[in-house]
Amino acid sequence: MVAAVCEYPLEATSPSHIPYVDANDPAQIEAHYKAKIPFVITGADINPHGIDSAHLRDNYGDLQVSCFSPSCTSQKIELEQMFERIAAGDKYRLRADIPLGRCLEGFFSARFFEKIRSFRRSLMDLVLHTLARKKWAVFLSTPGCKMSNHAHINSTFVIQLEGTKTWHLDFRNLADIEHKDLYPYDFLAEKRPTEEFSITMRPGNVLYLPAYWFHYTDTDTLSLSMHYIFAESMSYYLSPKIWPLFIYELIKRPFGMMRLALARDNEFGFGDKLKWLRSKSPKELAFLSQNDYS
Ligand SMILES: [Fe+2]
């Protein structure tokens with residue numbers, strides 16, 4: 001039985017560490033995936049074309065992107081301009097860029113992840129992958145970028161393409177989430193460094209991040225990553241650990257989540273200082289200001 005070699009049982013609520021699994025060990029990958037707890041795959045030939053920021057600059061420089069500016073506002077500029085400003089020392093971030101993900105998806109193998117998922121498609125995959133055409137997203141960040149600790153309905157496989165990025169992960173019950181409704185989707189929470197798992201992703205590493213695990217990142221160098229996003233099967237969302245978060249979102253913000261799923265631009269509601277200054281309370285602004293208002 002594959003499950004017998006897993007480091008934690010399926011019913012585990014918290015691992016003791018984030019395991020690293022070799023890409024040439026499919027039984028271990030399957031066991032860890034079934035455990036529904038984050039893990040890192042190493043040694044996969046996951047970026048065979050060597051996609052990096054130079055490739056983006058050379059091939060998609062005139063593409064309009066929505067990025068976070070140094071003043072913590074959303075800004076639409078050409079990719080080339082963004083790289084010029086980064087080279088000049090400015091802090092910029094691309095978060096979940098779907099159009100760029102579509103540009104790059106031909107360079108990556110969805111099959112690698114579909115195999116891990118046993119080629120199962122969930123009902124919500126139909127919305128994400130078929131209706132909204134959101135299967136891949138590109139993230140780029142520069143040193144000093146901050147983001148809030150957040151959790152969401154979709155799961156992700158993260159392929160680190162360039163630079164290093166440290167991820168902080170934790171799982172918490174609904175009652176322990178401080179900012180359940182600050183965003184029209186996603187849960188936000190205070191960072192708890194002593195209770196988190198930290199892993200530094202290096203080029204070629206692949207992180208499995210299950211839905212509703214909290215996460216935020218620190219960037220030490222320019223970091224580029226490609227994310228395969230998907231939804232878990234309904235049995236996951238209705239499992240004892242997950243259902244309170246899932247049902248909360250279904251009841252409190254079904255339209256916010258559907259809007260996020262179908263929106264052309266994932267950035268429509270993420271951090272924007274000017275927008276938040278108009279709509280958030282002083283306490284909420286104090287929280288957001290620690291995280292670049294994002
Ligand atoms: Fe996220």
# chains A, B, ... in the order shown; residues from 1 in each chain; ligands from 1
$ select_by_dssp --residues "region 43-199 of chain A" --states "strand (DSSP E or B)" --output "number ranges by chain"
A: 64-68, 74-78, 93-97, 136-141, 149-151, 155-162, 165-170, 179, 187-189, 197-199
$ residues_around --residues "Gly50 (chain A)" --least-positions-apart "3" --cutoff "12 Å" --atoms "only C-alpha atoms" --output "list of chain:residue names"
A:Asp45, A:Ile46, A:Asn47, A:Ser53, A:Ala54, A:His55, A:Leu56, A:Leu104, A:Phe107, A:Phe108, A:Ile159, A:Gln160, A:Leu161, A:Glu162, A:Pro203, A:Gly204, A:Leu224, A:Ser225
$ residues_near_ligand --ligand "ligand 1" --cutoff "8 Å" --atoms "only C-alpha atoms and all ligand atoms" --output "list in words"
His150, Ala151, His152, Phe214, His215 and Tyr216 of chain A
$ write_last_selection --atoms "C-alpha atoms" --output "PDB file, in the first residue's frame"
ATOM      1  CA  HIS A 150      -3.712  34.492   3.052  1.00  0.00           C
ATOM      2  CA  ALA A 151      -5.565  31.319   2.128  1.00  0.00           C
ATOM      3  CA  HIS A 152      -7.889  30.514  -0.761  1.00  0.00           C
ATOM      4  CA  PHE A 214      -2.197  29.991   4.692  1.00  0.00           C
ATOM      5  CA  HIS A 215       0.864  31.340   2.939  1.00  0.00           C
ATOM      6  CA  TYR A 216       2.998  34.395   2.332  1.00  0.00           C
TER       7      TYR A 216
END
$ closest_residue --among "A:Glu30, A:Glu78, A:Asp186, A:Glu232" --to "Leu260 (chain A)" --atoms "only C-alpha atoms"
A:Asp186
$ closest_atom_pairs --of "region 185-286 of chain A" --to "region 112-134 of chain A" --cutoff "8 Å" --atoms "only C-alpha atoms" --output "JSON lines"
{"residue": "A:Tyr228", "atom": "CA", "partner": "A:Phe113", "partner_atom": "CA", "distance": 7.9}
{"residue": "A:Ile229", "atom": "CA", "partner": "A:Lys134", "partner_atom": "CA", "distance": 7.4}
{"residue": "A:Phe230", "atom": "CA", "partner": "A:Asp125", "partner_atom": "CA", "distance": 6.0}
{"residue": "A:Ala231", "atom": "CA", "partner": "A:Asp125", "partner_atom": "CA", "distance": 5.6}
{"residue": "A:Glu232", "atom": "CA", "partner": "A:Ser122", "partner_atom": "CA", "distance": 6.3}
{"residue": "A:Ser233", "atom": "CA", "partner": "A:Ser122", "partner_atom": "CA", "distance": 5.1}
{"residue": "A:Met234", "atom": "CA", "partner": "A:Ser122", "partner_atom": "CA", "distance": 7.3}
{"residue": "A:Ala261", "atom": "CA", "partner": "A:Leu128", "partner_atom": "CA", "distance": 6.1}
{"residue": "A:Leu262", "atom": "CA", "partner": "A:Ala132", "partner_atom": "CA", "distance": 5.0}
{"residue": "A:Ala263", "atom": "CA", "partner": "A:Ala132", "partner_atom": "CA", "distance": 7.4}
{"residue": "A:Arg264", "atom": "CA", "partner": "A:Ala132", "partner_atom": "CA", "distance": 7.5}
$ write_last_selection --atoms "C-alpha atoms" --output "tab-separated table (two decimals), in the first residue's frame"
chain	number	residue	atom	x	y	z
A	228	TYR	CA	-0.47	25.47	-12.03
A	229	ILE	CA	-3.75	26.30	-10.30
A	230	PHE	CA	-6.59	23.86	-9.77
A	231	ALA	CA	-9.41	22.83	-7.48
A	232	GLU	CA	-9.45	19.76	-5.27
A	233	SER	CA	-12.20	17.16	-5.35
A	234	MET	CA	-15.33	17.88	-3.33
A	261	ALA	CA	-12.79	32.77	-10.74
A	262	LEU	CA	-14.19	34.38	-13.89
A	263	ALA	CA	-12.44	37.78	-13.85
A	264	ARG	CA	-10.10	38.35	-16.74
$ atom_distance --atom1 "CA of Gln28 (chain A)" --atom2 "CA of Val158 (chain A)"
18.2 Å
$ closest_residue --among "A:Tyr33, A:Ala44, A:Asn149, A:Leu288" --to "Ser109 (chain A)" --atoms "only C-alpha atoms"
A:Ala44
$ select_by_dssp --residues "region 70-164 of chain A" --states "alpha helix (DSSP H)" --output "list in words"
Leu79, Glu80, Gln81, Met82, Phe83, Glu84, Arg85, Ile86, Ala87, Ile98, Pro99, Leu100, Gly101, Arg102, Cys103, Leu104, Ala110, Arg111, Phe112, Phe113, Glu114, Lys115, Ile116, Leu123, Met124 and Asp125 of chain A
